[in-house]
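Quick look at coords-v8.cif (mmCIF, C-alpha atoms):
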```cif
data_query
#
loop_
_atom_site.label_atom_id
_atom_site.label_comp_id
_atom_site.auth_asym_id
_atom_site.auth_seq_id
_atom_site.Cartn_x
_atom_site.Cartn_y
_atom_site.Cartn_z
CA MET J 1 5.13 34.29 28.12
CA THR J 2 8.23 32.18 27.52
CA ALA J 3 9.52 31.86 23.96
CA GLN J 4 8.58 28.18 23.88
CA LYS J 5 5.05 28.85 25.09
CA LYS J 6 4.68 31.54 22.46
CA GLN J 7 5.86 29.16 19.74
CA ALA J 8 3.45 26.46 20.97
CA GLU J 9 0.62 28.99 20.66
CA GLN J 10 1.81 29.88 17.15
CA ILE J 11 1.79 26.23 16.11
CA LYS J 12 -1.75 25.83 17.40
CA GLU J 13 -2.83 29.01 15.64
CA ILE J 14 -1.20 28.21 12.27
CA SER J 15 -2.48 24.62 12.30
CA GLY J 16 -5.89 25.36 13.78
CA VAL J 17 -5.43 22.15 15.79
CA ASN J 18 -6.29 21.49 19.44
CA PRO J 19 -3.69 18.90 20.50
CA LEU J 20 -5.52 18.28 23.80
CA LYS J 21 -8.12 16.27 21.87
CA CYS J 22 -5.49 13.54 21.35
CA MET J 23 -6.24 10.30 23.21
CA LYS J 24 -2.86 8.70 22.44
CA CYS J 25 -4.17 5.81 20.39
CA GLY J 26 -1.13 5.94 18.09
CA LYS J 27 -3.05 5.38 14.86
CA CYS J 28 -1.25 8.34 13.27
CA SER J 29 2.17 6.80 13.83
CA ALA J 30 0.94 3.36 12.80
CA SER J 31 -0.33 4.87 9.53
CA CYS J 32 2.73 7.01 8.79
CA PRO J 33 4.76 5.79 5.79
CA SER J 34 7.76 7.82 7.06
CA TYR J 35 7.58 6.43 10.61
CA ASN J 36 10.98 4.72 10.49
CA GLU J 37 12.67 7.90 9.29
CA MET J 38 11.21 10.15 11.98
CA ASP J 39 13.10 11.02 15.17
CA ILE J 40 9.92 12.43 16.72
CA LYS J 41 6.96 10.25 15.66
CA PRO J 42 3.59 11.79 14.71
CA HIS J 43 1.86 10.85 18.00
CA GLN J 44 4.84 12.18 19.97
CA PHE J 45 4.72 15.38 17.96
CA VAL J 46 1.28 16.07 19.42
CA SER J 47 2.58 15.58 22.98
CA TYR J 48 5.56 17.87 22.35
CA VAL J 49 3.16 20.67 21.39
CA ILE J 50 1.04 20.02 24.51
CA ASN J 51 4.21 20.11 26.65
CA GLU J 52 5.45 23.21 24.82
CA ASP J 53 8.76 21.56 24.00
CA ILE J 54 9.10 23.41 20.71
CA GLU J 55 12.89 23.62 20.54
CA ALA J 56 13.00 19.87 19.94
CA LEU J 57 10.32 20.11 17.25
CA VAL J 58 11.89 22.86 15.19
CA HIS J 59 15.16 20.94 15.14
CA SER J 60 13.51 17.60 14.41
CA LYS J 61 14.29 15.88 11.12
CA SER J 62 10.66 14.71 11.06
CA LEU J 63 9.79 18.13 9.60
CA TRP J 64 11.51 17.12 6.37
CA LYS J 65 10.37 13.48 6.34
CA CYS J 66 6.63 14.19 6.51
CA LEU J 67 5.10 13.59 3.07
CA SER J 68 1.83 15.44 3.72
CA CYS J 69 0.11 12.27 2.56
CA PHE J 70 -2.77 12.88 5.02
CA ALA J 71 -2.89 9.27 6.21
CA CYS J 72 -2.62 10.45 9.85
CA ILE J 73 -5.26 13.11 9.26
CA GLU J 74 -7.65 10.66 7.61
CA ARG J 75 -7.31 8.01 10.30
CA CYS J 76 -7.26 10.10 13.49
CA PRO J 77 -10.42 9.16 15.43
CA ARG J 78 -10.25 12.46 17.34
CA ASP J 79 -9.67 14.76 14.36
CA VAL J 80 -6.37 16.05 15.80
CA LYS J 81 -4.63 16.27 12.40
CA PRO J 82 -1.00 15.55 13.38
CA GLY J 83 0.14 16.34 9.80
CA LYS J 84 -1.11 19.89 10.21
CA LEU J 85 0.86 20.27 13.45
CA ILE J 86 4.01 19.07 11.70
CA ASP J 87 3.42 21.52 8.86
CA ALA J 88 2.88 24.36 11.34
CA ALA J 89 6.24 23.59 12.99
CA ARG J 90 7.79 23.53 9.52
CA GLN J 91 6.23 26.94 8.87
CA LEU J 92 7.82 28.30 12.07
CA VAL J 93 11.18 27.31 10.61
CA VAL J 94 10.83 28.29 6.94
CA ARG J 95 8.97 31.55 7.53
CA LYS J 96 12.04 32.84 9.40
CA LYS J 97 14.77 34.46 7.35
CA GLY J 98 17.43 31.87 6.63
CA GLY J 99 15.16 28.96 7.57
CA ASP J 100 14.69 27.58 4.06
CA TYR J 101 15.26 23.87 3.59
CA LEU J 102 15.64 24.24 -0.19
CA SER J 103 17.69 26.82 -2.02
CA PRO J 104 17.78 27.61 -5.76
CA ASP J 105 21.56 27.18 -5.52
CA GLU J 106 21.16 23.43 -4.90
CA MET J 107 18.89 22.92 -7.88
CA ALA J 108 21.65 22.18 -10.37
CA GLN J 109 22.60 19.07 -8.38
CA LEU J 110 19.01 17.97 -7.75
CA LEU J 111 17.59 18.28 -11.27
CA ASP J 112 17.25 15.42 -13.66
CA PRO J 113 15.68 15.55 -17.13
CA GLU J 114 12.56 13.62 -16.10
CA ILE J 115 11.55 15.80 -13.12
CA PRO J 116 7.95 17.00 -13.46
CA GLN J 117 7.35 20.72 -12.85
CA GLN J 118 4.90 19.66 -10.15
CA LEU J 119 7.75 18.31 -8.02
CA LEU J 120 9.67 21.58 -8.13
CA VAL J 121 6.74 23.83 -7.24
CA SER J 122 5.60 21.44 -4.50
CA ALA J 123 9.03 21.24 -2.88
CA PHE J 124 9.51 25.01 -3.00
CA ARG J 125 6.09 25.52 -1.42
CA ARG J 126 6.76 23.11 1.42
CA TYR J 127 10.43 23.92 2.05
CA ARG J 128 10.72 27.62 1.47
CA ARG J 129 8.94 30.92 1.95
CA MET Q 1 -21.49 19.11 -22.71
CA LYS Q 2 -18.78 21.68 -22.05
CA TYR Q 3 -16.64 21.86 -18.95
CA SER Q 4 -14.12 24.43 -17.81
CA TYR Q 5 -10.77 22.72 -17.68
CA TYR Q 6 -7.70 23.39 -15.56
CA PRO Q 7 -4.66 21.51 -16.95
CA GLY Q 8 -1.95 22.81 -14.57
CA CYS Q 9 1.77 23.36 -15.07
CA THR Q 10 2.99 19.81 -15.55
CA LEU Q 11 0.35 18.93 -18.15
CA ARG Q 12 1.79 21.67 -20.31
CA ASN Q 13 5.24 20.18 -20.03
CA LYS Q 14 6.43 16.82 -18.72
CA ALA Q 15 2.96 15.27 -18.58
CA LYS Q 16 1.64 16.57 -21.88
CA ALA Q 17 0.58 13.03 -22.77
CA LEU Q 18 -1.78 12.89 -19.76
CA ASP Q 19 -3.52 15.98 -21.16
CA ASP Q 20 -3.54 15.07 -24.87
CA TYR Q 21 -5.07 11.64 -24.29
CA ALA Q 22 -7.73 13.14 -22.01
CA ARG Q 23 -8.81 15.77 -24.54
CA ALA Q 24 -9.05 13.26 -27.39
CA SER Q 25 -10.97 10.81 -25.18
CA ALA Q 26 -13.36 13.53 -24.00
CA LEU Q 27 -14.33 14.35 -27.59
CA ALA Q 28 -14.90 10.67 -28.34
CA LEU Q 29 -17.13 10.44 -25.27
CA GLY Q 30 -19.14 13.52 -26.20
CA PHE Q 31 -17.87 16.21 -23.87
CA GLU Q 32 -15.48 19.09 -24.32
CA LEU Q 33 -12.77 20.47 -22.09
CA GLU Q 34 -12.59 24.23 -22.46
CA GLU Q 35 -9.32 25.44 -21.03
CA ILE Q 36 -9.56 28.37 -18.64
CA SER Q 37 -7.73 31.35 -20.09
CA GLU Q 38 -4.64 32.58 -18.26
CA TRP Q 39 -4.80 30.01 -15.50
CA GLN Q 40 -2.01 30.09 -12.95
CA CYS Q 41 -0.15 27.23 -11.26
CA CYS Q 42 -2.01 25.82 -8.25
CA GLY Q 43 1.26 25.56 -6.30
CA GLY Q 44 1.33 21.76 -6.33
CA VAL Q 45 0.55 21.37 -2.64
CA TYR Q 46 -2.40 22.58 -0.59
CA PRO Q 47 -1.12 25.15 1.93
CA LEU Q 48 -1.84 23.54 5.30
CA GLY Q 49 -1.37 26.65 7.42
CA SER Q 50 -4.82 28.01 8.21
CA ASP Q 51 -3.46 31.58 7.92
CA GLU Q 52 -2.36 31.14 4.28
CA ILE Q 53 -4.21 33.26 1.72
CA ALA Q 54 -1.91 34.35 -1.12
CA THR Q 55 -0.98 30.73 -1.93
CA LYS Q 56 -4.66 29.92 -2.50
CA LEU Q 57 -5.51 32.76 -4.86
CA SER Q 58 -4.56 31.04 -8.12
CA SER Q 59 -7.11 28.32 -7.30
CA VAL Q 60 -9.75 30.91 -6.43
CA ARG Q 61 -9.17 32.60 -9.80
CA ALA Q 62 -9.66 29.31 -11.65
CA LEU Q 63 -12.77 28.49 -9.61
CA ASN Q 64 -14.24 31.91 -10.27
CA ALA Q 65 -13.47 31.73 -14.00
CA ALA Q 66 -15.56 28.54 -14.19
CA LYS Q 67 -18.32 30.15 -12.14
CA GLU Q 68 -18.48 33.12 -14.52
CA LYS Q 69 -18.94 30.74 -17.45
CA GLY Q 70 -21.55 28.76 -15.54
CA GLN Q 71 -19.53 25.56 -16.02
CA ASP Q 72 -18.25 22.83 -13.75
CA LEU Q 73 -14.46 22.81 -13.39
CA VAL Q 74 -12.63 19.66 -14.50
CA THR Q 75 -9.13 18.79 -13.32
CA LEU Q 76 -6.86 15.93 -14.31
CA CYS Q 77 -3.61 16.10 -12.34
CA SER Q 78 -4.14 14.67 -8.85
CA ALA Q 79 -2.26 17.55 -7.23
CA CYS Q 80 -4.22 20.29 -9.01
CA HIS Q 81 -7.43 18.49 -8.15
CA HIS Q 82 -6.47 18.21 -4.49
CA VAL Q 83 -5.45 21.87 -4.16
CA ILE Q 84 -8.40 23.34 -6.06
CA LYS Q 85 -10.98 21.13 -4.38
CA ARG Q 86 -9.67 22.00 -0.91
CA VAL Q 87 -9.45 25.72 -1.63
CA ASN Q 88 -13.04 25.54 -2.88
CA ASP Q 89 -14.03 23.94 0.42
CA ASP Q 90 -12.29 26.78 2.27
CA MET Q 91 -14.10 29.38 0.18
CA LYS Q 92 -17.41 27.69 0.88
CA ASN Q 93 -16.99 26.93 4.57
CA VAL Q 94 -14.25 29.07 6.18
CA GLU Q 95 -15.46 32.61 6.62
CA ASP Q 96 -12.06 34.11 7.43
CA ILE Q 97 -10.45 32.73 4.27
CA ARG Q 98 -13.44 33.62 2.11
CA THR Q 99 -13.38 37.23 3.32
CA ARG Q 100 -9.66 37.74 3.02
CA ALA Q 101 -9.35 36.01 -0.38
CA ASN Q 102 -12.21 38.10 -1.76
CA ASN Q 103 -10.50 41.24 -0.47
CA TYR Q 104 -7.57 40.40 -2.73
CA MET Q 105 -9.69 39.38 -5.68
CA ALA Q 106 -11.97 42.44 -5.73
CA LEU Q 107 -14.53 40.67 -7.95
CA GLU Q 108 -17.84 42.20 -8.93
CA GLU Q 109 -19.54 39.37 -7.12
CA PRO Q 110 -17.59 37.68 -4.29
CA TYR Q 111 -16.67 34.04 -4.80
CA ALA Q 112 -18.10 31.71 -2.15
CA GLY Q 113 -17.40 28.19 -3.38
CA GLU Q 114 -20.18 27.99 -5.97
CA THR Q 115 -18.21 25.98 -8.56
CA THR Q 116 -18.42 22.19 -8.72
CA VAL Q 117 -14.94 20.68 -9.05
CA LEU Q 118 -14.75 17.32 -10.81
CA HIS Q 119 -11.77 15.12 -11.47
CA PHE Q 120 -11.74 13.64 -14.98
CA LEU Q 121 -12.37 10.20 -13.45
CA GLU Q 122 -15.45 11.58 -11.70
CA VAL Q 123 -16.72 12.86 -15.05
CA LEU Q 124 -16.28 9.35 -16.43
CA ARG Q 125 -18.09 7.77 -13.47
CA ASP Q 126 -20.81 10.33 -12.70
CA ARG Q 127 -21.51 12.14 -15.97
CA VAL Q 128 -20.57 9.74 -18.77
CA GLY Q 129 -21.09 6.55 -16.77
CA PHE Q 130 -18.77 3.54 -16.90
CA ASP Q 131 -21.46 1.52 -18.67
CA ARG Q 132 -21.61 4.02 -21.52
CA LEU Q 133 -17.83 4.21 -21.61
CA LYS Q 134 -17.73 0.43 -21.95
CA GLU Q 135 -20.04 0.61 -24.98
CA LYS Q 136 -17.65 3.04 -26.68
CA VAL Q 137 -14.57 0.85 -26.23
CA VAL Q 138 -13.27 -0.45 -29.57
CA HIS Q 139 -9.93 -1.91 -28.43
CA PRO Q 140 -10.60 -3.57 -25.06
CA PHE Q 141 -7.64 -4.54 -22.89
CA THR Q 142 -8.88 -8.10 -22.65
CA GLY Q 143 -6.73 -10.30 -20.44
CA LYS Q 144 -4.61 -7.44 -19.05
CA ARG Q 145 -4.24 -7.31 -15.28
CA ILE Q 146 -3.98 -3.69 -14.22
CA GLY Q 147 -3.21 -2.29 -10.76
CA ALA Q 148 -4.79 1.08 -9.98
CA TYR Q 149 -2.40 3.33 -8.13
CA TYR Q 150 -4.41 6.00 -6.30
CA GLY Q 151 -1.76 7.55 -4.08
CA CYS Q 152 -2.85 10.17 -1.55
CA LEU Q 153 -4.05 13.31 -3.20
CA LEU Q 154 -7.24 12.09 -4.86
CA LEU Q 155 -8.49 10.34 -1.75
CA ARG Q 156 -7.50 12.19 1.41
CA PRO Q 157 -8.89 13.87 3.39
CA GLY Q 158 -11.99 11.95 2.34
CA ARG Q 159 -14.41 14.37 3.98
CA ILE Q 160 -13.27 17.15 1.63
CA LEU Q 161 -12.18 15.29 -1.50
CA GLU Q 162 -15.38 13.17 -1.55
CA PHE Q 163 -13.81 11.25 -4.41
CA ASP Q 164 -14.33 7.71 -3.20
CA ASN Q 165 -13.97 5.64 -0.03
CA PRO Q 166 -10.44 6.73 1.02
CA GLU Q 167 -9.57 3.33 2.51
CA ASN Q 168 -11.21 1.09 -0.07
CA PRO Q 169 -11.72 3.01 -3.30
CA ARG Q 170 -13.09 1.42 -6.47
CA ILE Q 171 -13.42 4.16 -9.08
CA MET Q 172 -10.17 3.25 -10.86
CA GLU Q 173 -10.96 -0.46 -10.67
CA ASP Q 174 -14.36 0.26 -12.26
CA PHE Q 175 -12.55 2.26 -14.93
CA ILE Q 176 -10.23 -0.69 -15.57
CA ARG Q 177 -13.25 -3.00 -15.96
CA ALA Q 178 -14.87 -0.53 -18.35
CA ILE Q 179 -11.89 -0.67 -20.71
CA GLY Q 180 -12.07 -4.45 -20.70
CA ALA Q 181 -9.18 -5.30 -18.37
CA GLU Q 182 -9.09 -7.01 -15.01
CA PRO Q 183 -8.34 -4.84 -11.96
CA VAL Q 184 -5.78 -6.13 -9.47
CA LEU Q 185 -6.40 -5.19 -5.86
CA TYR Q 186 -3.22 -4.79 -3.83
CA PRO Q 187 -2.67 -3.33 -0.38
CA TYR Q 188 -0.38 -0.41 -1.31
CA ARG Q 189 -2.68 1.16 -3.90
CA ASN Q 190 -3.50 4.13 -1.63
CA GLU Q 191 -0.11 4.45 0.08
CA CYS Q 192 2.07 7.48 -0.63
CA CYS Q 193 4.73 7.36 -3.39
CA GLY Q 194 6.89 9.78 -1.41
CA GLY Q 195 5.55 12.87 -3.18
CA TYR Q 196 7.75 15.96 -3.04
CA VAL Q 197 10.36 14.42 -0.71
CA SER Q 198 11.86 12.67 -3.73
CA LEU Q 199 13.64 15.92 -4.57
CA LYS Q 200 15.80 15.99 -1.44
CA GLU Q 201 15.23 12.53 0.07
CA ALA Q 202 15.36 10.40 -3.05
CA GLU Q 203 16.07 7.17 -1.13
CA LEU Q 204 13.03 7.61 1.10
CA ALA Q 205 10.72 7.93 -1.90
CA LYS Q 206 12.43 5.08 -3.70
CA GLY Q 207 11.83 2.76 -0.74
CA MET Q 208 8.13 3.56 -0.77
CA CYS Q 209 7.80 3.03 -4.51
CA ASP Q 210 9.66 -0.28 -4.25
CA LYS Q 211 6.99 -1.44 -1.80
CA ILE Q 212 4.19 -0.30 -4.13
CA HIS Q 213 5.69 -2.10 -7.14
CA LYS Q 214 6.38 -5.23 -5.13
CA SER Q 215 2.89 -5.26 -3.67
CA ALA Q 216 1.22 -4.84 -7.08
CA SER Q 217 3.38 -7.35 -8.90
CA GLY Q 218 2.98 -9.82 -6.01
CA PHE Q 219 -0.77 -9.72 -6.58
CA GLY Q 220 -0.27 -10.36 -10.28
CA ALA Q 221 -0.50 -6.92 -11.91
CA ASP Q 222 1.04 -6.47 -15.38
CA MET Q 223 1.10 -2.71 -15.14
CA LEU Q 224 0.05 0.26 -13.01
CA ILE Q 225 -2.07 3.26 -13.89
CA THR Q 226 -1.99 6.69 -12.26
CA ALA Q 227 -3.48 10.16 -12.66
CA CYS Q 228 -0.52 11.97 -11.14
CA PRO Q 229 2.71 13.08 -12.90
CA LEU Q 230 4.65 13.04 -9.62
CA CYS Q 231 3.50 9.51 -8.76
CA MET Q 232 4.51 8.53 -12.29
CA TYR Q 233 7.98 10.04 -11.84
CA ASN Q 234 8.54 8.48 -8.42
CA LEU Q 235 7.23 5.06 -9.46
CA ASN Q 236 9.51 5.09 -12.51
CA LYS Q 237 12.50 5.81 -10.25
CA SER Q 238 11.97 2.55 -8.43
CA GLN Q 239 14.27 -0.06 -9.85
CA THR Q 240 13.19 -3.19 -8.06
CA GLY Q 241 9.53 -3.30 -9.10
CA GLY Q 242 9.81 -3.02 -12.81
CA LEU Q 243 6.09 -2.69 -13.60
CA PRO Q 244 5.36 -0.28 -16.42
CA VAL Q 245 3.33 2.76 -15.32
CA TYR Q 246 0.80 4.49 -17.58
CA TYR Q 247 -1.45 7.49 -17.28
CA PHE Q 248 -5.02 6.22 -17.13
CA THR Q 249 -5.90 8.59 -19.99
CA GLU Q 250 -3.45 6.84 -22.29
CA LEU Q 251 -5.21 3.52 -21.77
CA LEU Q 252 -8.55 5.28 -22.16
CA ALA Q 253 -7.55 6.85 -25.49
CA ARG Q 254 -6.20 3.51 -26.75
CA ALA Q 255 -9.36 1.69 -25.71
CA LEU Q 256 -11.48 4.30 -27.47
CA GLY Q 257 -9.29 4.09 -30.56
CA VAL Q 258 -8.45 7.79 -30.55
CA CYS Q 259 -4.70 7.60 -29.98
CA GLU Q 260 -3.96 8.83 -33.51
CA ALA Q 261 -5.75 12.06 -32.61
CA CYS Q 262 -3.16 12.75 -29.92
CA GLY Q 263 -0.26 14.87 -31.09
CA ASN Q 264 2.38 12.94 -29.26
CA SER Q 265 1.20 9.37 -29.38
CA ARG Q 266 3.91 7.24 -27.85
CA GLU Q 267 2.62 4.42 -30.01
CA GLU Q 268 4.61 5.88 -32.88
CA ASP Q 269 7.75 5.63 -30.79
CA GLY Q 270 7.08 1.96 -30.27
CA GLU Q 271 7.05 2.51 -26.50
CA VAL Q 272 3.69 0.97 -25.80
CA THR Q 273 3.42 -1.57 -28.56
CA SER Q 274 3.65 -4.31 -25.95
CA LEU Q 275 0.32 -3.24 -24.46
#
```
Please lay out the structure from this file as structure tokens.
Amino acid sequence: MTAQKKQAEQIKEISGVNPLKCMKCGKCSASCPSYNEMDIKPHQFVSYVINEDIEALVHSKSLWKCLSCFACIERCPRDVKPGKLIDAARQLVVRKKGGDYLSPDEMAQLLDPEIPQQLLVSAFRRYRR
Amino acid sequence: MKYSYYPGCTLRNKAKALDDYARASALALGFELEEISEWQCCGGVYPLGSDEIATKLSSVRALNAAKEKGQDLVTLCSACHHVIKRVNDDMKNVEDIRTRANNYMALEEPYAGETTVLHFLEVLRDRVGFDRLKEKVVHPFTGKRIGAYYGCLLLRPGRILEFDNPENPRIMEDFIRAIGAEPVLYPYRNECCGGYVSLKEAELAKGMCDKIHKSASGFGADMLITACPLCMYNLNKSQTGGLPVYYFTELLARALGVCEACGNSREEDGEVTSL
């Protein structure tokens, strides 16, 4: 099994999603509030997993632009859950040593006195393992 | 009526007002929030990976604590509600997660999703009733035009949250009517505020909150209400909108005339005297 194929299988396993159910209607991308910021759009993300082009996904800035707002998941008529695929690709990155997107060392610059605790725990959960 | 209550990390700190106003209002409405002892942080976000177990255990502990008391579990923060409700769904319906979580927990009786999880707004709608709430209002917000800001976490995924229609909700609008104000419907009320990306991608979140403010003020809202400390933070970072944002519990406590009972009433600071 090639490394990319193995990673595609991991993404499907972590997400529990079957990307082959996608019928390319594009509702996920149309619903996505981060669409303009994403280099690989939610509907394309699904195709990249089908085509096992995982190198592009793990280097995509979309991983850090997804808000986990579940709009794509709510509106998908085929129950593909693109947001779960994006999170699974993010997991492939952050579960690896050195893959963290957020480090405690940056916190001093990021903090402001109004920040709710909820923001810090949420960001650490999504960006770091 | 007594409920188990899970406040969560932020309601002990930055969003203490959200919590204080809720407790005072609950007493005025005839129910009590009994805080779970030694609760742990829910983690803020629901772990989307279907192989995640450890990150769900704090929710399972809270759910089981309520079960042992034979009480329903009430939440207030949108994020805590989202996480705990979804973990409860996993414990009820996903055998693999139920088995592995129970292996960690080693309870006398395994937990299998028995607890009913209610958001404070659901208690108002389904247990108290908005009609009864309306009767208890002593300071109605007559003439105020209020935009409900739902955000994501209370509504989606609708099949699991079962909070309201995720595309056209009305629970907060009904709440607004009950306290004597006029709800303002605007298209961005269930769009995301940017959530946790505001930590590292502040501009992205700001852009979204600008749209929300603009949308609500364009439809004539005087103010916004929210149940979520992170939505509150992000919405307050937006500079173009300028609408004041309040926790719904603050307006509830003021309508019920129980603000004095809250330890940290902002009324004393003169912050909300314009309301």
Here's the selection I'm unsure about, the PyMOL selection byres ((chain J) within 10 of (chain Q)); applied to the file above, which residues does it give, as a VMD selection string? chain J and resid 11 to 17 31 to 34 37 64 to 75 83 to 91 101 to 102 106 to 107 110 to 127
Tell me, in Å to one decimal, how far CA of Asn36 (chain J) is from CA of Gly207 (chain Q).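 Result for CA of Asn36 (chain J) versus CA of Gly207 (chain Q): 11.4 Å, one decimal.
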In Å, rounded to a single decimal, give me how far CA of Leu161 (chain Q) is from CA of Ala181 (chain Q).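 Atom-to-atom, CA of Ala181 (chain Q) and CA of Leu161 (chain Q) are spaced 26.8 Å apart.
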I would like the residues chosen by the PyMOL selection byres ((chain J and resi 50) around 10) on the shown file; could you give them as a list in words?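 The output of the PyMOL selection byres ((chain J and resi 50) around 10) on this file is Lys5, Ala8, Glu9, Lys12, Asn18, Pro19, Leu20, Cys22, Gln44, Phe45, Val46, Ser47, Tyr48, Val49, Asn51, Glu52, Asp53 and Ile54 of chain J.
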If you measure from CA of Thr99 (chain Q) to CA of Arg78 (chain J), what distance in Å do you get, rounded to one decimal?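 Straight-line distance from CA of Thr99 (chain Q) to CA of Arg78 (chain J) works out to 28.6 Å.
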Using the chain letters and numbers from the file, which residues does the PyMOL selection byres ((chain Q and resi 224-227) around 8) grab, as a list in words? Leu18, Leu76, Cys77, Ser78, Ile146, Gly147, Ala148, Tyr149, Tyr150, Ala216, Ala221, Asp222, Met223, Cys228, Pro229, Cys231, Met232, Leu243, Pro244, Val245, Tyr246, Tyr247, Phe248 and Thr249 of chain Q
